[in-house]
>>> print(open('coords_14.cif').read())   # mmCIF, C-alpha atoms
data_input
loop_
_atom_site.label_atom_id
_atom_site.label_comp_id
_atom_site.auth_asym_id
_atom_site.auth_seq_id
_atom_site.Cartn_x
_atom_site.Cartn_y
_atom_site.Cartn_z
CA MET A 1 -63.09 24.37 210.98
CA SER A 2 -60.30 21.88 211.67
CA GLN A 3 -62.16 19.20 209.69
CA ALA A 4 -62.44 21.56 206.69
CA ARG A 5 -58.71 22.25 206.84
CA LYS A 6 -57.99 18.53 206.87
CA GLN A 7 -60.13 18.09 203.75
CA VAL A 8 -58.20 20.85 201.96
CA LYS A 9 -54.89 19.22 202.96
CA LYS A 10 -56.07 15.88 201.63
CA LYS A 11 -56.85 17.42 198.25
CA PHE A 12 -53.36 18.93 197.94
CA ASN A 13 -50.87 16.43 196.59
CA PRO A 14 -47.31 17.72 195.99
CA ALA A 15 -46.53 14.72 193.77
CA VAL A 16 -49.20 15.86 191.31
CA LEU A 17 -47.63 19.33 191.21
CA PHE A 18 -44.19 17.92 190.35
CA ARG A 19 -45.69 15.79 187.59
CA LYS A 20 -47.30 18.79 185.88
CA GLN A 21 -45.35 19.59 182.71
CA ILE A 22 -45.70 23.33 183.17
CA PHE A 23 -44.14 23.11 186.65
CA ILE A 24 -40.57 23.43 185.31
CA PRO A 25 -40.98 26.75 183.42
CA ILE A 26 -43.05 28.25 186.25
CA ALA A 27 -40.44 27.21 188.82
CA ALA A 28 -37.63 28.65 186.66
CA LEU A 29 -39.57 31.88 186.23
CA LEU A 30 -40.11 32.22 189.97
CA LEU A 31 -36.43 31.55 190.71
CA LEU A 32 -35.32 34.23 188.23
CA ALA A 33 -37.92 36.67 189.53
CA ILE A 34 -36.87 36.19 193.16
CA PHE A 35 -33.16 36.39 192.28
CA ASN A 36 -33.60 39.73 190.49
CA LEU A 37 -35.84 41.05 193.24
CA ILE A 38 -33.13 40.36 195.82
CA ALA A 39 -30.13 41.35 193.69
CA ASP A 40 -31.57 44.55 192.23
CA PRO A 41 -35.24 45.55 192.63
CA SER A 42 -34.77 48.23 189.95
CA PHE A 43 -34.85 45.35 187.45
CA TYR A 44 -38.64 45.65 187.56
CA LYS A 45 -38.74 49.39 186.94
CA ILE A 46 -40.75 50.42 183.86
CA THR A 47 -40.59 53.99 182.56
CA LEU A 48 -42.72 55.81 180.01
CA GLY A 49 -40.76 57.80 177.47
CA TYR A 50 -40.95 58.92 173.86
CA ASN A 51 -39.16 57.67 170.76
CA SER A 52 -37.66 59.78 167.98
CA ALA A 53 -41.09 60.11 166.34
CA GLY A 54 -42.59 61.48 169.56
CA ASP A 55 -44.71 58.41 170.27
CA PRO A 56 -45.00 57.08 173.86
CA VAL A 57 -43.02 53.90 174.55
CA LEU A 58 -42.49 51.82 177.67
CA SER A 59 -38.91 50.85 178.48
CA GLY A 60 -37.20 48.68 181.07
CA TYR A 61 -35.87 45.17 181.48
CA LEU A 62 -39.36 43.67 181.63
CA MET A 63 -40.27 45.34 178.33
CA THR A 64 -37.09 43.94 176.80
CA ILE A 65 -38.15 40.45 177.91
CA LEU A 66 -41.60 41.02 176.44
CA ASP A 67 -40.11 42.34 173.20
CA TYR A 68 -37.35 39.86 172.37
CA GLY A 69 -39.05 36.96 174.12
CA SER A 70 -41.97 37.27 171.69
CA GLU A 71 -39.98 36.39 168.58
CA LEU A 72 -38.51 33.45 170.49
CA ALA A 73 -42.03 32.35 171.48
CA ILE A 74 -43.02 32.32 167.80
CA LEU A 75 -40.08 30.06 166.98
CA ALA A 76 -40.84 27.85 169.98
CA ILE A 77 -44.25 27.07 168.48
CA GLY A 78 -42.73 25.55 165.35
CA MET A 79 -39.81 23.95 167.18
CA THR A 80 -42.21 22.20 169.57
CA LEU A 81 -44.09 20.59 166.68
CA VAL A 82 -40.85 19.51 164.97
CA THR A 83 -39.48 18.07 168.20
CA ALA A 84 -42.71 16.22 169.01
CA ALA A 85 -43.09 14.71 165.55
CA SER A 86 -39.50 13.91 164.58
CA GLY A 87 -37.81 13.38 167.95
CA GLY A 88 -35.13 15.85 166.88
CA GLN A 89 -34.51 19.56 166.47
CA ASP A 90 -33.99 21.99 163.61
CA ILE A 91 -30.67 23.79 164.10
CA SER A 92 -31.05 25.88 160.93
CA VAL A 93 -33.71 28.35 162.10
CA GLY A 94 -31.18 31.17 162.60
CA ALA A 95 -29.88 30.80 159.05
CA ALA A 96 -33.45 30.44 157.75
CA ILE A 97 -34.39 33.71 159.48
CA ALA A 98 -31.48 35.36 157.64
CA ILE A 99 -32.86 34.02 154.34
CA ALA A 100 -36.43 35.13 155.10
CA GLY A 101 -35.27 38.58 156.19
CA SER A 102 -33.08 38.91 153.09
CA VAL A 103 -36.04 38.01 150.85
CA ILE A 104 -38.22 40.65 152.53
CA LEU A 105 -35.60 43.34 152.02
CA ARG A 106 -34.99 42.24 148.43
CA VAL A 107 -38.67 42.59 147.56
CA LEU A 108 -39.02 45.94 149.36
CA CYS A 109 -35.82 47.39 147.88
CA GLY A 110 -36.09 46.01 144.36
CA THR A 111 -32.91 46.62 142.38
CA ASP A 112 -31.82 49.56 144.56
CA SER A 113 -30.33 48.67 147.95
CA ARG A 114 -31.05 52.21 149.24
CA PRO A 115 -34.49 53.10 147.86
CA ASP A 116 -36.24 56.36 148.75
CA HIS A 117 -39.49 54.45 149.24
CA MET A 118 -40.50 50.79 149.38
CA GLN A 119 -40.91 49.14 145.99
CA ALA A 120 -43.69 46.81 147.16
CA PRO A 121 -46.19 46.53 150.04
CA VAL A 122 -44.83 44.90 153.19
CA ILE A 123 -47.56 42.25 153.08
CA VAL A 124 -46.40 41.13 149.63
CA ALA A 125 -42.77 40.90 150.77
CA PHE A 126 -43.86 38.98 153.86
CA LEU A 127 -45.97 36.48 151.91
CA ILE A 128 -43.09 35.82 149.50
CA ALA A 129 -40.79 35.30 152.50
CA CYS A 130 -43.35 32.85 153.94
CA VAL A 131 -43.30 30.82 150.72
CA VAL A 132 -39.49 30.79 150.60
CA ALA A 133 -39.14 29.88 154.30
CA MET A 134 -41.73 27.12 153.97
CA LEU A 135 -39.89 25.74 150.93
CA PHE A 136 -36.67 25.53 152.93
CA GLY A 137 -38.68 23.96 155.76
CA ALA A 138 -40.03 21.46 153.22
CA PHE A 139 -36.45 20.71 152.14
CA ASN A 140 -35.49 19.92 155.73
CA GLY A 141 -38.70 17.99 156.26
CA ALA A 142 -38.18 15.87 153.16
CA LEU A 143 -34.69 14.88 154.28
CA VAL A 144 -36.00 13.88 157.70
CA ALA A 145 -39.33 12.31 156.76
CA TYR A 146 -38.62 10.60 153.45
CA PHE A 147 -34.85 10.10 153.46
CA LYS A 148 -34.80 9.13 157.15
CA ILE A 149 -31.92 11.48 158.01
CA GLN A 150 -31.57 12.46 161.66
CA PRO A 151 -33.05 16.00 162.08
CA MET A 152 -29.91 17.70 163.38
CA VAL A 153 -27.84 16.22 160.55
CA ALA A 154 -30.44 17.09 157.91
CA THR A 155 -30.75 20.71 159.07
CA LEU A 156 -26.98 21.07 159.35
CA ILE A 157 -26.96 21.65 155.57
CA LEU A 158 -29.04 24.82 155.80
CA PHE A 159 -27.30 25.80 159.04
CA THR A 160 -24.02 25.82 157.11
CA ALA A 161 -25.16 27.36 153.83
CA GLY A 162 -28.14 29.49 154.87
CA ARG A 163 -26.37 32.77 155.64
CA SER A 164 -24.42 32.58 152.37
CA ILE A 165 -27.71 32.10 150.53
CA ALA A 166 -29.14 35.13 152.36
CA ALA A 167 -26.18 37.26 151.29
CA TRP A 168 -26.44 35.99 147.69
CA ILE A 169 -30.12 37.02 147.52
CA ASN A 170 -29.09 40.68 147.95
CA ASN A 171 -25.83 40.41 145.99
CA ASN A 172 -23.80 40.65 149.22
CA GLU A 173 -25.12 44.18 149.75
CA LEU A 174 -26.64 45.50 152.98
CA PRO A 175 -30.00 46.97 151.94
CA ILE A 176 -31.56 49.70 154.05
CA ILE A 177 -35.25 50.67 154.21
CA SER A 178 -35.62 54.36 155.02
CA ASP A 179 -39.44 54.29 155.25
CA PRO A 180 -40.28 54.58 158.98
CA SER A 181 -43.50 52.58 158.54
CA PHE A 182 -41.44 49.40 158.06
CA ALA A 183 -39.90 49.77 161.52
CA VAL A 184 -43.33 49.33 163.13
CA TYR A 185 -43.20 45.51 162.98
CA GLY A 186 -40.08 45.31 165.12
CA GLY A 187 -40.73 48.47 167.12
CA PHE A 188 -43.90 50.21 168.26
CA ILE A 189 -47.26 50.98 166.71
CA PRO A 190 -47.73 54.78 166.91
CA GLY A 191 -49.68 55.62 170.05
CA ILE A 192 -49.24 52.16 171.62
CA PRO A 193 -46.33 51.96 174.12
CA ILE A 194 -46.10 48.14 174.09
CA PRO A 195 -43.68 46.53 171.56
CA THR A 196 -45.34 45.32 168.35
CA PRO A 197 -43.62 41.87 168.44
CA PHE A 198 -45.68 41.05 171.53
CA PHE A 199 -48.93 41.57 169.60
CA ILE A 200 -47.60 39.56 166.65
CA ALA A 201 -46.65 36.74 169.02
CA MET A 202 -50.09 36.79 170.65
CA VAL A 203 -51.76 36.51 167.24
CA CYS A 204 -49.52 33.52 166.43
CA VAL A 205 -50.28 31.94 169.81
CA ILE A 206 -54.04 32.38 169.40
CA ILE A 207 -54.00 30.92 165.89
CA THR A 208 -51.88 27.98 167.07
CA MET A 209 -54.16 27.26 170.02
CA LEU A 210 -57.23 27.36 167.77
CA ILE A 211 -55.59 24.97 165.30
CA LEU A 212 -54.64 22.56 168.08
CA LYS A 213 -58.12 22.79 169.58
CA PHE A 214 -60.22 22.37 166.45
CA THR A 215 -57.99 20.06 164.40
CA ASN A 216 -56.19 16.79 165.08
CA LEU A 217 -52.74 18.22 164.35
CA GLY A 218 -51.63 17.99 167.98
CA LEU A 219 -52.95 14.45 168.37
CA TYR A 220 -51.36 13.24 165.13
CA THR A 221 -48.04 14.89 165.93
CA GLN A 222 -47.87 13.30 169.36
CA SER A 223 -48.95 9.90 168.02
CA VAL A 224 -46.16 9.90 165.43
CA GLY A 225 -43.61 11.03 168.00
CA ILE A 226 -44.64 8.43 170.58
CA ASN A 227 -44.85 5.43 168.29
CA GLU A 228 -44.42 5.86 164.54
CA SER A 229 -45.23 2.25 163.70
CA SER A 230 -48.41 2.23 165.78
CA SER A 231 -49.60 5.53 164.27
CA LYS A 232 -49.07 4.08 160.79
CA LEU A 233 -51.21 1.07 161.68
CA ASN A 234 -53.94 3.49 162.79
CA GLY A 235 -54.08 5.09 159.36
CA LEU A 236 -51.73 8.04 159.81
CA ASP A 237 -48.91 8.99 157.46
CA PRO A 238 -45.94 9.57 159.80
CA ALA A 239 -43.72 10.90 157.01
CA PHE A 240 -46.26 13.56 156.03
CA ILE A 241 -46.80 14.62 159.66
CA LYS A 242 -43.06 15.11 160.12
CA PHE A 243 -42.83 16.92 156.79
CA LEU A 244 -45.72 19.21 157.77
CA SER A 245 -44.13 20.10 161.11
CA PHE A 246 -41.00 21.39 159.35
CA VAL A 247 -43.12 23.40 156.90
CA LEU A 248 -45.02 25.01 159.80
CA LEU A 249 -41.71 25.83 161.47
CA GLY A 250 -40.75 27.56 158.21
CA LEU A 251 -43.84 29.74 158.55
CA CYS A 252 -42.82 30.69 162.09
CA VAL A 253 -39.32 31.49 160.78
CA ALA A 254 -40.78 33.93 158.24
CA VAL A 255 -42.66 35.80 160.97
CA ALA A 256 -39.52 36.00 163.11
CA GLY A 257 -37.56 37.14 160.05
CA LEU A 258 -39.96 40.05 159.49
CA ILE A 259 -39.54 41.18 163.10
CA LYS A 260 -35.75 40.86 162.95
CA VAL A 261 -35.18 42.95 159.81
CA SER A 262 -37.81 45.47 160.87
CA ARG A 263 -35.88 46.25 164.06
CA LEU A 264 -32.95 47.77 162.13
CA SER A 265 -34.60 48.24 158.71
CA SER A 266 -31.55 46.36 157.42
CA ILE A 267 -29.73 43.07 157.87
CA ASN A 268 -26.35 41.73 158.91
CA TYR A 269 -26.13 38.25 157.44
CA SER A 270 -23.55 36.86 159.87
CA VAL A 271 -25.11 38.28 163.05
CA ILE A 272 -28.88 38.23 162.58
CA ALA A 273 -30.58 35.59 164.76
CA LYS A 274 -27.20 34.19 165.77
CA ASP A 275 -27.56 31.21 168.16
CA ILE A 276 -31.34 31.68 168.28
CA GLU A 277 -31.78 27.99 167.44
CA MET A 278 -30.25 27.12 170.82
CA ASP A 279 -32.72 29.39 172.61
CA ALA A 280 -35.65 27.89 170.70
CA ILE A 281 -34.58 24.34 171.56
CA LEU A 282 -34.00 25.37 175.17
CA ALA A 283 -37.50 26.88 175.32
CA VAL A 284 -38.95 23.53 174.26
CA ALA A 285 -36.86 21.71 176.86
CA LEU A 286 -37.71 24.23 179.56
CA GLY A 287 -41.37 23.62 178.79
CA GLY A 288 -40.89 20.09 180.07
CA ASN A 289 -41.24 18.58 176.58
CA SER A 290 -39.23 15.49 175.80
CA LEU A 291 -36.50 16.25 173.25
CA GLY A 292 -36.97 12.69 172.05
CA GLY A 293 -40.44 13.48 170.70
CA GLY A 294 -43.97 12.54 171.65
CA LYS A 295 -46.27 14.37 174.03
CA PHE A 296 -45.91 18.15 174.18
CA ASN A 297 -47.37 21.16 175.95
CA MET A 298 -47.44 24.22 173.68
CA THR A 299 -48.32 26.60 176.52
CA ALA A 300 -45.28 25.43 178.49
CA SER A 301 -43.01 25.93 175.45
CA ILE A 302 -44.24 29.48 174.92
CA LEU A 303 -43.78 30.28 178.60
CA GLY A 304 -40.34 28.65 178.37
CA ALA A 305 -39.40 31.09 175.58
CA TYR A 306 -40.10 34.09 177.80
CA VAL A 307 -38.21 32.45 180.67
CA ILE A 308 -35.17 31.99 178.39
CA GLN A 309 -35.32 35.67 177.46
CA PHE A 310 -35.70 36.46 181.17
CA LEU A 311 -32.48 34.53 181.79
CA THR A 312 -30.68 36.24 178.89
CA THR A 313 -31.76 39.71 180.02
CA THR A 314 -30.69 38.91 183.59
CA LEU A 315 -27.24 37.83 182.42
CA TYR A 316 -26.86 41.00 180.37
CA LYS A 317 -28.03 43.02 183.38
CA PHE A 318 -25.10 41.66 185.38
CA ASN A 319 -22.63 42.44 182.59
CA VAL A 320 -22.06 38.89 181.38
CA GLN A 321 -20.26 39.02 178.03
CA SER A 322 -22.32 37.90 175.04
CA ASP A 323 -19.66 35.30 174.15
CA ALA A 324 -20.15 33.69 177.57
CA LEU A 325 -23.96 33.43 177.32
CA PRO A 326 -23.97 30.02 175.57
CA ALA A 327 -21.93 28.55 178.44
CA TYR A 328 -24.52 29.65 181.02
CA LYS A 329 -27.36 28.38 178.84
CA ALA A 330 -25.54 25.08 178.34
CA VAL A 331 -25.62 24.59 182.10
CA VAL A 332 -29.38 25.19 182.03
CA VAL A 333 -29.74 22.62 179.22
CA ILE A 334 -27.84 20.02 181.26
CA VAL A 335 -29.99 20.65 184.32
CA LEU A 336 -33.22 20.46 182.28
CA VAL A 337 -32.23 17.26 180.50
CA VAL A 338 -31.35 15.64 183.83
CA LEU A 339 -34.61 16.79 185.44
CA SER A 340 -36.63 15.43 182.52
CA THR A 341 -35.21 11.90 182.87
CA PRO A 342 -37.48 9.23 184.39
CA LYS A 343 -35.11 8.69 187.34
CA ALA A 344 -35.10 12.39 188.24
CA ARG A 345 -38.90 12.58 188.05
CA GLU A 346 -39.16 9.44 190.15
CA PHE A 347 -36.83 10.99 192.72
CA MET A 348 -38.89 14.20 192.84
CA GLY A 349 -42.03 12.12 193.19
CA LYS A 350 -40.54 10.36 196.22
CA ILE A 351 -39.70 13.73 197.78
CA ALA A 352 -43.25 14.88 197.18
CA LYS A 353 -44.65 11.73 198.79
CA SER A 354 -42.40 12.18 201.82
CA LEU A 355 -43.61 15.78 202.15
CA LYS A 356 -47.18 14.58 201.97
CA GLY A 357 -46.47 11.92 204.60
CA SER A 358 -44.91 14.48 206.95
CA GLU A 359 -47.98 16.72 206.54
CA ARG A 360 -50.27 13.85 207.51
CA SER A 361 -48.19 13.06 210.60
CA VAL A 362 -48.35 16.72 211.68
CA ALA A 363 -52.11 16.77 211.12
#
>>> encode(input="coords_14.cif", output="structure tokens")
Amino acid sequence: MSQARKQVKKKFNPAVLFRKQIFIPIAALLLLAIFNLIADPSFYKITLGYNSAGDPVLSGYLMTILDYGSELAILAIGMTLVTAASGGQDISVGAAIAIAGSVILRVLCGTDSRPDHMQAPVIVAFLIACVVAMLFGAFNGALVAYFKIQPMVATLILFTAGRSIAAWINNNELPIISDPSFAVYGGFIPGIPIPTPFFIAMVCVIITMLILKFTNLGLYTQSVGINESSSKLNGLDPAFIKFLSFVLLGLCVAVAGLIKVSRLSSINYSVIAKDIEMDAILAVALGGNSLGGGKFNMTASILGAYVIQFLTTTLYKFNVQSDALPAYKAVVVIVLVVLSTPKAREFMGKIAKSLKGSERSVA
């Protein structure tokens, strides 16, 4: 028995655990979970109620995390690809969501900002929003890939002008969709108590994982991010890979835009998706991905998105003002950036080796 235990101990290597990319989001998730369990166990309470239409819905802080974390997970997919390929981040996704949402409402409302019924099918409005969002993604991608502009500087253009463009699309009016069927995409499917955004996010995740598994997109993206010159010598087109990553992020933006405007069946150009770009970038960082590009772990980024929403919900739970949230998240960014540096990882590796050495001495 003692010999079997020694064999199990030999197989366990703490250093390997620290080197795993997904270790950071899992550790952050556990810390938040333990903190809320100690501070207020009611945080985990889930209740079954009914909405205004009489349909069963689940409510509670965990459902809020599942709901709002899902749209962030969708954005994290595109932001991970952009970060890996270009070594930079797109700070215009919030403004792009405003544009996509405005396009959807424009198509559904037509010329009347308060229509009695939708003027077009939701799928048509969504597909048009996808095209528009991908075009703006292509604009950002062209500036980065072909004009060699640093990603944050290139996307600063749309970050600045995007919300004005969104307002212009609807003539500075605030359109309202009265058809309750439109609210399904940001609310609940009748008879299903789990928020619809979670199912939309899972579809996006499954499609992304299948693409990464059965195509070379992930390999090409990482190759360009690690060494652009080397990837070019191996027959890749680094500029096109970067360009494509921004276009795919545009597609993710359109999906998030549909969820956002569906929640209220309207839009507020200056508030919708405000500061969401910071959360998306933080999700990528929390996933252990290098913000300088290269190798990435999509699963870790998606998990990181839910952890960020976990943090946001926790802060709201303890009555932290919304204006103060960026300050708390900035602290998290600093910690994550420091932990992702080679020196920090080397230090953690030494700690892990010392723990392993102490275990051997005890044995």
>>> resolve_selection(input="coords_14.cif", expression="the PyMOL selection byres ((chain A and resi 123) around 12)", output="list in words")
Ile104, Val107, Leu108, Met118, Gln119, Ala120, Pro121, Val122, Val124, Ala125, Phe126, Leu127, Ile128, Ala129, Cys130, Phe182, Tyr185, Ala254, Val255 and Leu258 of chain A
>>> atom_distance(input="coords_14.cif", atom1="atom CA of Leu105 of chain A", atom2="atom CA of Asn170 of chain A")
8.1 Å
>>> atom_distance(input="coords_14.cif", atom1="atom CA of Asn171 of chain A", atom2="atom CA of Ser270 of chain A")
14.5 Å
>>> residues_around(input="coords_14.cif", residues="Thr314 of chain A", least_positions_apart="4", cutoff="10 Å", atoms="only C-alpha atoms", output="list in words")
Leu32, Ala33, Phe35, Asn36, Phe43, Tyr61, Ile65, Ile308, Gln309, Phe310, Phe318, Asn319 and Val320 of chain A
>>> residues_near_point(input="coords_14.cif", point="(-41.2, 44.1, 179.8)", cutoff="12 Å", atoms="all atoms listed in the file", output="PyMOL selection string")
chain A and resi 43-48+57-70+193-195+197-198+306+309-310+313
>>> resolve_selection(input="coords_14.cif", expression="the PyMOL selection byres ((chain A and resi 283) around 10)", output="JSON list (two decimals) with C-alpha atoms, keeping the file's coordinate frame")
[["chain", "number", "residue", "atom", "x", "y", "z"],
["A", 25, "PRO", "CA", -40.98, 26.75, 183.42],
["A", 72, "LEU", "CA", -38.51, 33.45, 170.49],
["A", 73, "ALA", "CA", -42.03, 32.35, 171.48],
["A", 75, "LEU", "CA", -40.08, 30.06, 166.98],
["A", 76, "ALA", "CA", -40.84, 27.85, 169.98],
["A", 77, "ILE", "CA", -44.25, 27.07, 168.48],
["A", 79, "MET", "CA", -39.81, 23.95, 167.18],
["A", 80, "THR", "CA", -42.21, 22.20, 169.57],
["A", 277, "GLU", "CA", -31.78, 27.99, 167.44],
["A", 278, "MET", "CA", -30.25, 27.12, 170.82],
["A", 279, "ASP", "CA", -32.72, 29.39, 172.61],
["A", 280, "ALA", "CA", -35.65, 27.89, 170.70],
["A", 281, "ILE", "CA", -34.58, 24.34, 171.56],
["A", 282, "LEU", "CA", -34.00, 25.37, 175.17],
["A", 284, "VAL", "CA", -38.95, 23.53, 174.26],
["A", 285, "ALA", "CA", -36.86, 21.71, 176.86],
["A", 286, "LEU", "CA", -37.71, 24.23, 179.56],
["A", 287, "GLY", "CA", -41.37, 23.62, 178.79],
["A", 288, "GLY", "CA", -40.89, 20.09, 180.07],
["A", 289, "ASN", "CA", -41.24, 18.58, 176.58],
["A", 300, "ALA", "CA", -45.28, 25.43, 178.49],
["A", 301, "SER", "CA", -43.01, 25.93, 175.45],
["A", 302, "ILE", "CA", -44.24, 29.48, 174.92],
["A", 303, "LEU", "CA", -43.78, 30.28, 178.60],
["A", 304, "GLY", "CA", -40.34, 28.65, 178.37],
["A", 305, "ALA", "CA", -39.40, 31.09, 175.58],
["A", 306, "TYR", "CA", -40.10, 34.09, 177.80],
["A", 307, "VAL", "CA", -38.21, 32.45, 180.67],
["A", 308, "ILE", "CA", -35.17, 31.99, 178.39],
["A", 309, "GLN", "CA", -35.32, 35.67, 177.46],
["A", 333, "VAL", "CA", -29.74, 22.62, 179.22]]
>>> atom_distance(input="coords_14.cif", atom1="atom CA of Val247 of chain A", atom2="atom CA of Pro175 of chain A")
27.4 Å
>>> closest_residue(input="coords_14.cif", among="A:Lys353, A:Lys295, A:Gly186, A:Val332", to="Gly257 of chain A", atoms="only C-alpha atoms")
A:Gly186
>>> closest_residue(input="coords_14.cif", among="A:Leu174, A:Asp90, A:Ser231, A:Ile192", to="Val153 of chain A", atoms="all atoms listed in the file")
A:Asp90
>>> closest_residue(input="coords_14.cif", among="A:Ala53, A:Met298, A:Val93, A:Val224", to="Ile22 of chain A", atoms="only C-alpha atoms")
A:Met298
>>> axis_aligned_box(input="coords_14.cif", around="segment 284-298 of chain A", padding_each_side="8 Å", output="AutoDock Vina command-line options")
--center_x -42.0 --center_y 18.4 --center_z 175.4 --size_x 26.9 --size_y 27.7 --size_z 25.4
>>> closest_residue(input="coords_14.cif", among="A:Lys242, A:Asp112, A:Ala161, A:Ser102", to="Leu143 of chain A", atoms="only C-alpha atoms")
A:Lys242
>>> closest_residue(input="coords_14.cif", among="A:Gly141, A:Gly54, A:Gly293, A:Gly49", to="Leu248 of chain A", atoms="all atoms listed in the file")
A:Gly141
>>> resolve_selection(input="coords_14.cif", expression="the PyMOL selection byres ((chain A and resi 160) around 12)", output="list of chain:residue names")
A:Ile91, A:Ser92, A:Val93, A:Gly94, A:Ala95, A:Ala96, A:Met152, A:Val153, A:Ala154, A:Thr155, A:Leu156, A:Ile157, A:Leu158, A:Phe159, A:Ala161, A:Gly162, A:Arg163, A:Ser164, A:Ile165, A:Ala166, A:Ser270
>>> build_atoms(input="coords_14.cif", residues="segment 271-285 of chain A", atoms="N, CA and C atoms", output="PDB file, in the coordinates of the input")
ATOM      1  N   VAL A 271     -24.747  38.029 161.651  1.00  0.00           N
ATOM      2  CA  VAL A 271     -25.110  38.280 163.050  1.00  0.00           C
ATOM      3  C   VAL A 271     -26.590  38.043 163.330  1.00  0.00           C
ATOM      4  N   ILE A 272     -27.442  38.311 162.353  1.00  0.00           N
ATOM      5  CA  ILE A 272     -28.880  38.230 162.580  1.00  0.00           C
ATOM      6  C   ILE A 272     -29.288  36.840 163.085  1.00  0.00           C
ATOM      7  N   ALA A 273     -30.045  36.835 164.172  1.00  0.00           N
ATOM      8  CA  ALA A 273     -30.580  35.590 164.760  1.00  0.00           C
ATOM      9  C   ALA A 273     -29.484  34.581 165.090  1.00  0.00           C
ATOM     10  N   LYS A 274     -28.310  35.082 165.438  1.00  0.00           N
ATOM     11  CA  LYS A 274     -27.200  34.190 165.770  1.00  0.00           C
ATOM     12  C   LYS A 274     -27.500  33.415 167.057  1.00  0.00           C
ATOM     13  N   ASP A 275     -27.343  32.120 167.014  1.00  0.00           N
ATOM     14  CA  ASP A 275     -27.560  31.210 168.160  1.00  0.00           C
ATOM     15  C   ASP A 275     -29.009  31.157 168.626  1.00  0.00           C
ATOM     16  N   ILE A 276     -29.940  31.696 167.846  1.00  0.00           N
ATOM     17  CA  ILE A 276     -31.340  31.680 168.280  1.00  0.00           C
ATOM     18  C   ILE A 276     -31.908  30.265 168.284  1.00  0.00           C
ATOM     19  N   GLU A 277     -31.313  29.377 167.458  1.00  0.00           N
ATOM     20  CA  GLU A 277     -31.780  27.990 167.440  1.00  0.00           C
ATOM     21  C   GLU A 277     -31.579  27.321 168.805  1.00  0.00           C
ATOM     22  N   MET A 278     -30.503  27.690 169.489  1.00  0.00           N
ATOM     23  CA  MET A 278     -30.250  27.120 170.820  1.00  0.00           C
ATOM     24  C   MET A 278     -31.324  27.584 171.803  1.00  0.00           C
ATOM     25  N   ASP A 279     -31.685  28.861 171.717  1.00  0.00           N
ATOM     26  CA  ASP A 279     -32.720  29.390 172.610  1.00  0.00           C
ATOM     27  C   ASP A 279     -34.072  28.741 172.329  1.00  0.00           C
ATOM     28  N   ALA A 280     -34.380  28.515 171.049  1.00  0.00           N
ATOM     29  CA  ALA A 280     -35.650  27.890 170.700  1.00  0.00           C
ATOM     30  C   ALA A 280     -35.728  26.455 171.216  1.00  0.00           C
ATOM     31  N   ILE A 281     -34.631  25.720 171.055  1.00  0.00           N
ATOM     32  CA  ILE A 281     -34.580  24.340 171.560  1.00  0.00           C
ATOM     33  C   ILE A 281     -34.669  24.327 173.081  1.00  0.00           C
ATOM     34  N   LEU A 282     -33.988  25.277 173.712  1.00  0.00           N
ATOM     35  CA  LEU A 282     -34.000  25.370 175.170  1.00  0.00           C
ATOM     36  C   LEU A 282     -35.388  25.711 175.682  1.00  0.00           C
ATOM     37  N   ALA A 283     -36.123  26.540 174.929  1.00  0.00           N
ATOM     38  CA  ALA A 283     -37.500  26.880 175.320  1.00  0.00           C
ATOM     39  C   ALA A 283     -38.377  25.646 175.328  1.00  0.00           C
ATOM     40  N   VAL A 284     -38.191  24.780 174.321  1.00  0.00           N
ATOM     41  CA  VAL A 284     -38.950  23.530 174.260  1.00  0.00           C
ATOM     42  C   VAL A 284     -38.603  22.634 175.444  1.00  0.00           C
ATOM     43  N   ALA A 285     -37.303  22.539 175.735  1.00  0.00           N
ATOM     44  CA  ALA A 285     -36.860  21.710 176.860  1.00  0.00           C
ATOM     45  C   ALA A 285     -37.342  22.263 178.182  1.00  0.00           C
TER      46      ALA A 285
END
